[in-house]
file coords_21.txt (compact mmCIF, N, CA and C atoms)
# COMPACT_ATOMS: atom_id res chain seq x y z
N MET A 1 -37.07 124.45 29.82
CA MET A 1 -36.32 124.09 28.63
C MET A 1 -37.03 122.93 27.95
N ALA A 2 -37.21 123.03 26.65
CA ALA A 2 -37.85 121.99 25.88
C ALA A 2 -36.88 120.83 25.68
N ILE A 3 -37.43 119.62 25.59
CA ILE A 3 -36.57 118.44 25.42
C ILE A 3 -35.92 118.44 24.04
N PHE A 4 -36.69 118.70 22.98
CA PHE A 4 -36.15 118.64 21.63
C PHE A 4 -36.01 119.99 20.97
N GLY A 5 -36.60 121.00 21.54
CA GLY A 5 -36.58 122.32 20.93
C GLY A 5 -35.40 123.15 21.38
N LYS A 6 -35.37 124.36 20.88
CA LYS A 6 -34.31 125.28 21.27
C LYS A 6 -34.58 125.82 22.66
N SER A 7 -33.52 126.17 23.33
CA SER A 7 -33.62 126.69 24.68
C SER A 7 -33.00 128.08 24.72
N SER A 8 -33.58 128.97 25.46
CA SER A 8 -33.00 130.30 25.58
C SER A 8 -32.14 130.42 26.83
N GLY A 9 -32.12 129.37 27.65
CA GLY A 9 -31.35 129.38 28.89
C GLY A 9 -29.91 128.94 28.66
N PRO A 10 -29.13 128.90 29.74
CA PRO A 10 -27.74 128.48 29.62
C PRO A 10 -27.65 127.00 29.24
N ALA A 11 -26.52 126.64 28.66
CA ALA A 11 -26.30 125.25 28.26
C ALA A 11 -26.26 124.37 29.51
N PRO A 12 -26.76 123.16 29.42
CA PRO A 12 -26.72 122.25 30.57
C PRO A 12 -25.28 122.00 31.00
N SER A 13 -25.10 121.74 32.30
CA SER A 13 -23.76 121.45 32.78
C SER A 13 -23.24 120.18 32.11
N GLY A 14 -21.92 120.12 31.93
CA GLY A 14 -21.32 118.97 31.26
C GLY A 14 -21.15 119.18 29.77
N ARG A 15 -21.78 120.20 29.23
CA ARG A 15 -21.60 120.49 27.81
C ARG A 15 -20.58 121.60 27.68
N GLU A 16 -19.60 121.37 26.81
CA GLU A 16 -18.53 122.34 26.62
C GLU A 16 -18.67 123.02 25.28
N ASP A 17 -18.00 124.13 25.17
CA ASP A 17 -17.88 124.81 23.89
C ASP A 17 -17.12 123.87 22.95
N PRO A 18 -17.64 123.61 21.74
CA PRO A 18 -16.97 122.68 20.83
C PRO A 18 -15.51 123.06 20.54
N GLU A 19 -15.17 124.33 20.61
CA GLU A 19 -13.80 124.75 20.35
C GLU A 19 -12.83 124.34 21.46
N SER A 20 -13.32 124.03 22.66
CA SER A 20 -12.45 123.69 23.77
C SER A 20 -12.39 122.19 24.04
N ARG A 21 -13.06 121.39 23.25
CA ARG A 21 -13.10 119.95 23.47
C ARG A 21 -11.76 119.29 23.20
N SER A 22 -11.56 118.14 23.83
CA SER A 22 -10.38 117.33 23.60
C SER A 22 -10.81 115.89 23.37
N SER A 23 -10.04 115.19 22.57
CA SER A 23 -10.23 113.75 22.43
C SER A 23 -9.29 113.08 23.41
N PHE A 24 -9.72 111.94 23.95
CA PHE A 24 -8.97 111.27 25.00
C PHE A 24 -8.78 109.81 24.64
N ILE A 25 -7.53 109.35 24.68
CA ILE A 25 -7.21 107.94 24.51
C ILE A 25 -6.83 107.45 25.89
N GLY A 26 -7.73 106.71 26.52
CA GLY A 26 -7.59 106.32 27.92
C GLY A 26 -6.50 105.30 28.17
N PRO A 27 -6.19 105.08 29.45
CA PRO A 27 -5.08 104.20 29.83
C PRO A 27 -5.27 102.74 29.42
N LYS A 28 -6.49 102.31 29.17
CA LYS A 28 -6.72 100.92 28.77
C LYS A 28 -6.98 100.79 27.28
N ILE A 29 -6.68 101.85 26.52
CA ILE A 29 -6.90 101.85 25.08
C ILE A 29 -5.57 101.69 24.36
N ARG A 30 -5.58 100.85 23.31
CA ARG A 30 -4.41 100.71 22.43
C ARG A 30 -4.90 101.04 21.02
N PHE A 31 -4.31 102.08 20.43
CA PHE A 31 -4.72 102.55 19.11
C PHE A 31 -3.58 102.32 18.14
N GLN A 32 -3.86 101.69 16.99
CA GLN A 32 -2.87 101.50 15.94
C GLN A 32 -3.42 102.09 14.65
N GLY A 33 -2.60 102.92 13.99
CA GLY A 33 -3.02 103.49 12.72
C GLY A 33 -2.67 104.95 12.61
N GLU A 34 -3.46 105.66 11.83
CA GLU A 34 -3.22 107.06 11.56
C GLU A 34 -4.26 107.90 12.30
N LEU A 35 -3.79 108.82 13.13
CA LEU A 35 -4.68 109.69 13.89
C LEU A 35 -4.60 111.09 13.29
N LEU A 36 -5.68 111.54 12.69
CA LEU A 36 -5.74 112.86 12.05
C LEU A 36 -6.87 113.65 12.69
N GLY A 37 -6.67 114.97 12.89
CA GLY A 37 -7.76 115.73 13.46
C GLY A 37 -7.49 117.20 13.65
N ASP A 38 -8.55 117.90 14.04
CA ASP A 38 -8.51 119.34 14.23
C ASP A 38 -9.04 119.70 15.62
N GLU A 39 -8.66 118.92 16.63
CA GLU A 39 -8.98 119.26 18.00
C GLU A 39 -7.87 118.73 18.89
N ASN A 40 -7.87 119.16 20.14
CA ASN A 40 -6.84 118.73 21.08
C ASN A 40 -6.98 117.24 21.36
N VAL A 41 -5.82 116.59 21.59
CA VAL A 41 -5.82 115.16 21.88
C VAL A 41 -4.93 114.91 23.09
N LEU A 42 -5.43 114.08 24.02
CA LEU A 42 -4.67 113.65 25.19
C LEU A 42 -4.55 112.14 25.13
N VAL A 43 -3.31 111.63 25.22
CA VAL A 43 -3.06 110.19 25.18
C VAL A 43 -2.59 109.74 26.56
N GLU A 44 -3.35 108.83 27.17
CA GLU A 44 -2.94 108.19 28.42
C GLU A 44 -2.74 106.69 28.19
N GLY A 45 -3.08 106.21 27.01
CA GLY A 45 -2.92 104.80 26.66
C GLY A 45 -1.72 104.61 25.75
N ARG A 46 -1.87 103.72 24.77
CA ARG A 46 -0.78 103.41 23.84
C ARG A 46 -1.25 103.72 22.41
N LEU A 47 -0.43 104.45 21.68
CA LEU A 47 -0.76 104.83 20.31
C LEU A 47 0.43 104.47 19.42
N GLU A 48 0.17 103.75 18.34
CA GLU A 48 1.22 103.36 17.40
C GLU A 48 0.79 103.75 16.00
N GLY A 49 1.70 104.37 15.25
CA GLY A 49 1.39 104.72 13.86
C GLY A 49 1.86 106.09 13.48
N ARG A 50 0.92 106.95 13.14
CA ARG A 50 1.22 108.31 12.69
C ARG A 50 0.18 109.27 13.25
N VAL A 51 0.64 110.47 13.67
CA VAL A 51 -0.26 111.46 14.25
C VAL A 51 -0.10 112.77 13.50
N LYS A 52 -1.22 113.36 13.08
CA LYS A 52 -1.22 114.68 12.47
C LYS A 52 -2.42 115.43 13.03
N ILE A 53 -2.16 116.32 14.00
CA ILE A 53 -3.18 117.07 14.71
C ILE A 53 -2.88 118.55 14.53
N SER A 54 -3.88 119.34 14.18
CA SER A 54 -3.63 120.77 13.96
C SER A 54 -3.56 121.56 15.27
N LYS A 55 -4.07 121.02 16.35
CA LYS A 55 -4.07 121.72 17.64
C LYS A 55 -3.08 121.07 18.59
N ALA A 56 -3.41 120.97 19.88
CA ALA A 56 -2.48 120.45 20.88
C ALA A 56 -2.54 118.93 20.96
N PHE A 57 -1.36 118.31 21.03
CA PHE A 57 -1.23 116.87 21.23
C PHE A 57 -0.45 116.67 22.51
N ARG A 58 -1.10 116.04 23.50
CA ARG A 58 -0.48 115.83 24.82
C ARG A 58 -0.35 114.34 25.09
N VAL A 59 0.80 113.96 25.63
CA VAL A 59 1.02 112.59 26.07
C VAL A 59 1.10 112.63 27.59
N GLY A 60 0.12 112.02 28.24
CA GLY A 60 0.06 112.02 29.70
C GLY A 60 1.16 111.18 30.31
N PRO A 61 1.32 111.23 31.62
CA PRO A 61 2.41 110.53 32.30
C PRO A 61 2.45 109.02 32.05
N HIS A 62 1.30 108.40 31.77
CA HIS A 62 1.27 106.96 31.51
C HIS A 62 1.14 106.64 30.02
N GLY A 63 1.10 107.68 29.19
CA GLY A 63 0.94 107.48 27.76
C GLY A 63 2.21 107.01 27.09
N VAL A 64 2.05 106.15 26.07
CA VAL A 64 3.16 105.68 25.25
C VAL A 64 2.77 105.89 23.80
N VAL A 65 3.61 106.61 23.07
CA VAL A 65 3.35 106.89 21.66
C VAL A 65 4.54 106.41 20.84
N LEU A 66 4.29 105.48 19.94
CA LEU A 66 5.31 104.99 19.01
C LEU A 66 4.87 105.46 17.63
N ALA A 67 5.23 106.70 17.29
CA ALA A 67 4.69 107.30 16.08
C ALA A 67 5.46 108.54 15.69
N GLU A 68 5.34 108.90 14.43
CA GLU A 68 5.78 110.20 13.95
C GLU A 68 4.64 111.15 14.32
N VAL A 69 4.97 112.26 14.98
CA VAL A 69 3.96 113.18 15.49
C VAL A 69 4.13 114.55 14.86
N ALA A 70 3.06 115.11 14.32
CA ALA A 70 3.03 116.49 13.82
C ALA A 70 1.78 117.14 14.41
N ALA A 71 1.97 118.30 15.06
CA ALA A 71 0.84 118.97 15.70
C ALA A 71 1.12 120.46 15.82
N GLY A 72 0.10 121.20 16.25
CA GLY A 72 0.28 122.62 16.53
C GLY A 72 1.24 122.81 17.69
N THR A 73 0.94 122.13 18.80
CA THR A 73 1.84 122.09 19.96
C THR A 73 1.89 120.65 20.45
N VAL A 74 3.02 120.28 21.05
CA VAL A 74 3.19 118.93 21.60
C VAL A 74 3.73 119.06 23.01
N VAL A 75 3.07 118.39 23.96
CA VAL A 75 3.52 118.36 25.35
C VAL A 75 3.65 116.89 25.74
N ILE A 76 4.84 116.52 26.24
CA ILE A 76 5.12 115.12 26.55
C ILE A 76 5.42 114.95 28.03
N ALA A 77 4.56 114.19 28.71
CA ALA A 77 4.81 113.82 30.11
C ALA A 77 5.08 112.32 30.20
N GLY A 78 4.75 111.57 29.15
CA GLY A 78 4.96 110.13 29.09
C GLY A 78 6.14 109.81 28.17
N ARG A 79 5.97 108.79 27.31
CA ARG A 79 7.07 108.35 26.44
C ARG A 79 6.65 108.43 24.97
N VAL A 80 7.53 109.01 24.16
CA VAL A 80 7.33 109.07 22.71
C VAL A 80 8.58 108.53 22.03
N VAL A 81 8.37 107.60 21.09
CA VAL A 81 9.46 107.10 20.26
C VAL A 81 9.07 107.44 18.82
N GLY A 82 9.82 108.37 18.22
CA GLY A 82 9.53 108.84 16.87
C GLY A 82 9.78 110.33 16.77
N ASN A 83 9.94 110.81 15.56
CA ASN A 83 10.17 112.25 15.35
C ASN A 83 8.93 113.05 15.71
N VAL A 84 9.17 114.25 16.24
CA VAL A 84 8.09 115.14 16.66
C VAL A 84 8.29 116.49 16.00
N SER A 85 7.25 117.00 15.35
CA SER A 85 7.32 118.35 14.79
C SER A 85 6.08 119.12 15.25
N ALA A 86 6.29 120.42 15.47
CA ALA A 86 5.19 121.27 15.93
C ALA A 86 5.28 122.62 15.25
N ASP A 87 4.12 123.18 14.95
CA ASP A 87 4.05 124.51 14.35
C ASP A 87 4.46 125.58 15.36
N GLU A 88 4.13 125.36 16.64
CA GLU A 88 4.38 126.38 17.66
C GLU A 88 5.45 125.99 18.66
N ARG A 89 5.29 124.80 19.31
CA ARG A 89 6.20 124.48 20.42
C ARG A 89 6.14 123.00 20.77
N VAL A 90 7.29 122.49 21.24
CA VAL A 90 7.37 121.15 21.82
C VAL A 90 7.87 121.32 23.24
N GLU A 91 7.20 120.66 24.20
CA GLU A 91 7.61 120.74 25.60
C GLU A 91 7.72 119.34 26.18
N LEU A 92 8.89 119.06 26.76
CA LEU A 92 9.12 117.82 27.49
C LEU A 92 9.02 118.14 28.98
N LEU A 93 8.05 117.57 29.65
CA LEU A 93 7.87 117.79 31.08
C LEU A 93 8.87 116.91 31.86
N PRO A 94 9.02 117.13 33.16
CA PRO A 94 10.03 116.39 33.94
C PRO A 94 9.92 114.87 33.84
N THR A 95 8.72 114.33 33.63
CA THR A 95 8.55 112.88 33.51
C THR A 95 8.61 112.41 32.05
N GLY A 96 8.80 113.33 31.11
CA GLY A 96 8.75 113.01 29.70
C GLY A 96 10.00 112.33 29.18
N ILE A 97 9.80 111.42 28.22
CA ILE A 97 10.89 110.73 27.53
C ILE A 97 10.61 110.84 26.04
N LEU A 98 11.59 111.32 25.29
CA LEU A 98 11.47 111.40 23.84
C LEU A 98 12.69 110.78 23.19
N GLU A 99 12.47 109.77 22.36
CA GLU A 99 13.51 109.15 21.57
C GLU A 99 13.19 109.44 20.11
N GLY A 100 13.73 110.52 19.60
CA GLY A 100 13.46 110.95 18.24
C GLY A 100 13.85 112.40 18.08
N ASN A 101 13.80 112.87 16.87
CA ASN A 101 14.19 114.24 16.56
C ASN A 101 13.02 115.20 16.79
N ILE A 102 13.38 116.46 17.08
CA ILE A 102 12.39 117.51 17.29
C ILE A 102 12.57 118.60 16.25
N GLN A 103 11.47 119.05 15.66
CA GLN A 103 11.48 120.20 14.77
C GLN A 103 10.36 121.12 15.23
N ALA A 104 10.74 122.30 15.73
CA ALA A 104 9.75 123.29 16.21
C ALA A 104 10.46 124.62 16.42
N PRO A 105 9.73 125.73 16.30
CA PRO A 105 10.37 127.03 16.54
C PRO A 105 10.69 127.28 18.01
N ARG A 106 9.94 126.66 18.93
CA ARG A 106 10.20 126.81 20.37
C ARG A 106 10.20 125.43 21.01
N ILE A 107 11.22 125.20 21.86
CA ILE A 107 11.38 123.90 22.51
C ILE A 107 11.70 124.12 23.98
N VAL A 108 11.01 123.40 24.86
CA VAL A 108 11.27 123.46 26.29
C VAL A 108 11.54 122.04 26.76
N ILE A 109 12.70 121.84 27.41
CA ILE A 109 13.03 120.54 27.98
C ILE A 109 13.24 120.76 29.47
N SER A 110 12.31 120.28 30.27
CA SER A 110 12.36 120.47 31.72
C SER A 110 13.43 119.60 32.35
N GLU A 111 13.92 120.05 33.50
CA GLU A 111 14.88 119.27 34.26
C GLU A 111 14.23 117.94 34.63
N GLY A 112 14.94 116.85 34.41
CA GLY A 112 14.42 115.52 34.69
C GLY A 112 13.92 114.80 33.45
N ALA A 113 13.58 115.53 32.40
CA ALA A 113 13.12 114.91 31.16
C ALA A 113 14.29 114.19 30.49
N ARG A 114 13.97 113.18 29.69
CA ARG A 114 15.01 112.45 28.95
C ARG A 114 14.76 112.61 27.45
N PHE A 115 15.83 112.94 26.74
CA PHE A 115 15.72 113.20 25.30
C PHE A 115 16.92 112.61 24.59
N THR A 116 16.66 111.85 23.53
CA THR A 116 17.70 111.34 22.65
C THR A 116 17.29 111.69 21.23
N GLY A 117 18.11 112.49 20.56
CA GLY A 117 17.79 112.87 19.19
C GLY A 117 18.42 114.19 18.84
N ARG A 118 17.94 114.76 17.76
CA ARG A 118 18.44 116.05 17.28
C ARG A 118 17.33 117.08 17.34
N ILE A 119 17.75 118.34 17.41
CA ILE A 119 16.80 119.45 17.47
C ILE A 119 17.01 120.36 16.27
N ASP A 120 15.91 120.76 15.64
CA ASP A 120 15.94 121.74 14.55
C ASP A 120 14.92 122.81 14.86
N MET A 121 15.40 124.04 15.02
CA MET A 121 14.51 125.16 15.30
C MET A 121 14.44 126.11 14.10
N SER A 122 14.83 125.64 12.93
CA SER A 122 14.87 126.50 11.75
C SER A 122 13.49 126.76 11.15
N GLY A 123 12.52 125.94 11.50
CA GLY A 123 11.18 126.11 10.94
C GLY A 123 10.93 125.32 9.68
N ARG A 124 11.93 124.61 9.19
CA ARG A 124 11.77 123.79 7.97
C ARG A 124 11.31 122.40 8.37
N ALA A 125 10.11 122.00 7.97
CA ALA A 125 9.53 120.71 8.33
C ALA A 125 10.30 119.55 7.71
N ASP A 126 11.01 119.77 6.59
CA ASP A 126 11.71 118.68 5.92
C ASP A 126 13.18 118.58 6.32
N ALA A 127 13.60 119.30 7.35
CA ALA A 127 15.01 119.40 7.71
C ALA A 127 15.54 118.18 8.45
N LEU A 128 14.70 117.42 9.11
CA LEU A 128 15.18 116.30 9.92
C LEU A 128 15.12 114.98 9.16
N PRO A 129 16.17 114.17 9.31
CA PRO A 129 16.13 112.84 8.72
C PRO A 129 15.23 111.94 9.55
N PRO A 130 14.75 110.82 8.99
CA PRO A 130 13.93 109.90 9.76
C PRO A 130 14.70 109.34 10.95
N SER A 131 13.98 109.03 12.04
CA SER A 131 14.65 108.41 13.19
C SER A 131 14.93 106.96 12.86
N GLY A 132 15.88 106.40 13.53
CA GLY A 132 16.12 105.00 13.26
C GLY A 132 17.35 104.59 13.81
call {"tool": "encode", "arguments": {"input": "coords_21.txt", "output": "structure tokens"}}
result
Amino acid sequence: MAIFGKSSGPAPSGREDPESRSSFIGPKIRFQGELLGDENVLVEGRLEGRVKISKAFRVGPHGVVLAEVAAGTVVIAGRVVGNVSADERVELLPTGILEGNIQAPRIVISEGARFTGRIDMSGRADALPPSG
């Protein structure tokens, strides 16, 4: 395989298909602001502000999100304070905590999860009032 040229062999290990990549906010990271994107995102740290992701947005068990969240799918194992909307589905795992309203066509709340808010499964993104 050439160092700078094209290679006809398999991709080196550690390189993933760009379509399967995820962005990661680690446990020692604190992000404030607007997070926009077109790839999967996993939060294990702290995120404050606004989130608009077209693919999957996951909050890990140690993740804390203080934000309005809009994504293709949302899976919460940590804590989210703010309204959550998804094009496909919102899932609260057993360790998940959500303080805010949910708007999504499909919603799963696992046994043990904690949820305070309202649910709208009508598909209208403007149907929920702001949390507060």
call {"tool": "closest_residue", "arguments": {"input": "coords_21.txt", "among": "A:Val64, A:Ile97, A:Val75, A:Ile25", "to": "Ala113 (chain A)", "atoms": "only N, CA and C atoms"}}
result
A:Ile97
call {"tool": "axis_aligned_box", "arguments": {"input": "coords_21.txt", "around": "region 103-117 of chain A", "padding_each_side": "3 Å", "output": "lines of an AutoDock Vina configuration file"}}
result
center_x = 14.1
center_y = 119.3
center_z = 24.7
size_x = 14.7
size_y = 21.9
size_z = 25.9
call {"tool": "atom_distance", "arguments": {"input": "coords_21.txt", "atom1": "atom N of Gln103 (chain A)", "atom2": "atom C of Leu47 (chain A)"}}
result
18.7 Å
call {"tool": "atom_distance", "arguments": {"input": "coords_21.txt", "atom1": "CA of Val90 (chain A)", "atom2": "atom C of Gly78 (chain A)"}}
result
13.1 Å
call {"tool": "atom_distance", "arguments": {"input": "coords_21.txt", "atom1": "CA of Ile109 (chain A)", "atom2": "CA of Ser122 (chain A)"}}
result
17.4 Å
call {"tool": "residues_near_point", "arguments": {"input": "coords_21.txt", "point": "(2.3, 117.9, 21.9)", "cutoff": "6 Å", "atoms": "all atoms listed in the file", "output": "PyMOL selection string"}}
result
chain A and resi 56-59+73-76
call {"tool": "residues_around", "arguments": {"input": "coords_21.txt", "residues": "Asp87 (chain A)", "least_positions_apart": "4", "cutoff": "6 Å", "atoms": "all atoms listed in the file", "output": "PDB file with N, CA and C atoms, in the coordinates of the input"}}
result
ATOM      1  N   ALA A  71       1.970 118.300  15.060  1.00  0.00           N
ATOM      2  CA  ALA A  71       0.840 118.970  15.700  1.00  0.00           C
ATOM      3  C   ALA A  71       1.120 120.460  15.820  1.00  0.00           C
ATOM      4  N   GLY A  72       0.100 121.200  16.250  1.00  0.00           N
ATOM      5  CA  GLY A  72       0.280 122.620  16.530  1.00  0.00           C
ATOM      6  C   GLY A  72       1.240 122.810  17.690  1.00  0.00           C
ATOM      7  N   THR A  73       0.940 122.130  18.800  1.00  0.00           N
ATOM      8  CA  THR A  73       1.840 122.090  19.960  1.00  0.00           C
ATOM      9  C   THR A  73       1.890 120.650  20.450  1.00  0.00           C
ATOM     10  N   ALA A 104      10.740 122.300  15.730  1.00  0.00           N
ATOM     11  CA  ALA A 104       9.750 123.290  16.210  1.00  0.00           C
ATOM     12  C   ALA A 104      10.460 124.620  16.420  1.00  0.00           C
ATOM     13  N   PRO A 105       9.730 125.730  16.300  1.00  0.00           N
ATOM     14  CA  PRO A 105      10.370 127.030  16.540  1.00  0.00           C
ATOM     15  C   PRO A 105      10.690 127.280  18.010  1.00  0.00           C
TER      16      PRO A 105
END
call {"tool": "closest_residue", "arguments": {"input": "coords_21.txt", "among": "A:Gly26, A:Glu34, A:Ile107, A:Gly117", "to": "Arg46 (chain A)", "atoms": "all atoms listed in the file"}}
result
A:Gly26
call {"tool": "residues_around", "arguments": {"input": "coords_21.txt", "residues": "Arg106 (chain A)", "least_positions_apart": "6", "cutoff": "8 Å", "atoms": "only C-alpha atoms", "output": "PyMOL selection string"}}
result
chain A and resi 88-90+121
call {"tool": "closest_residue", "arguments": {"input": "coords_21.txt", "among": "A:Leu93, A:Leu98, A:Arg30, A:Arg21", "to": "Ser110 (chain A)", "atoms": "all atoms listed in the file"}}
result
A:Leu93
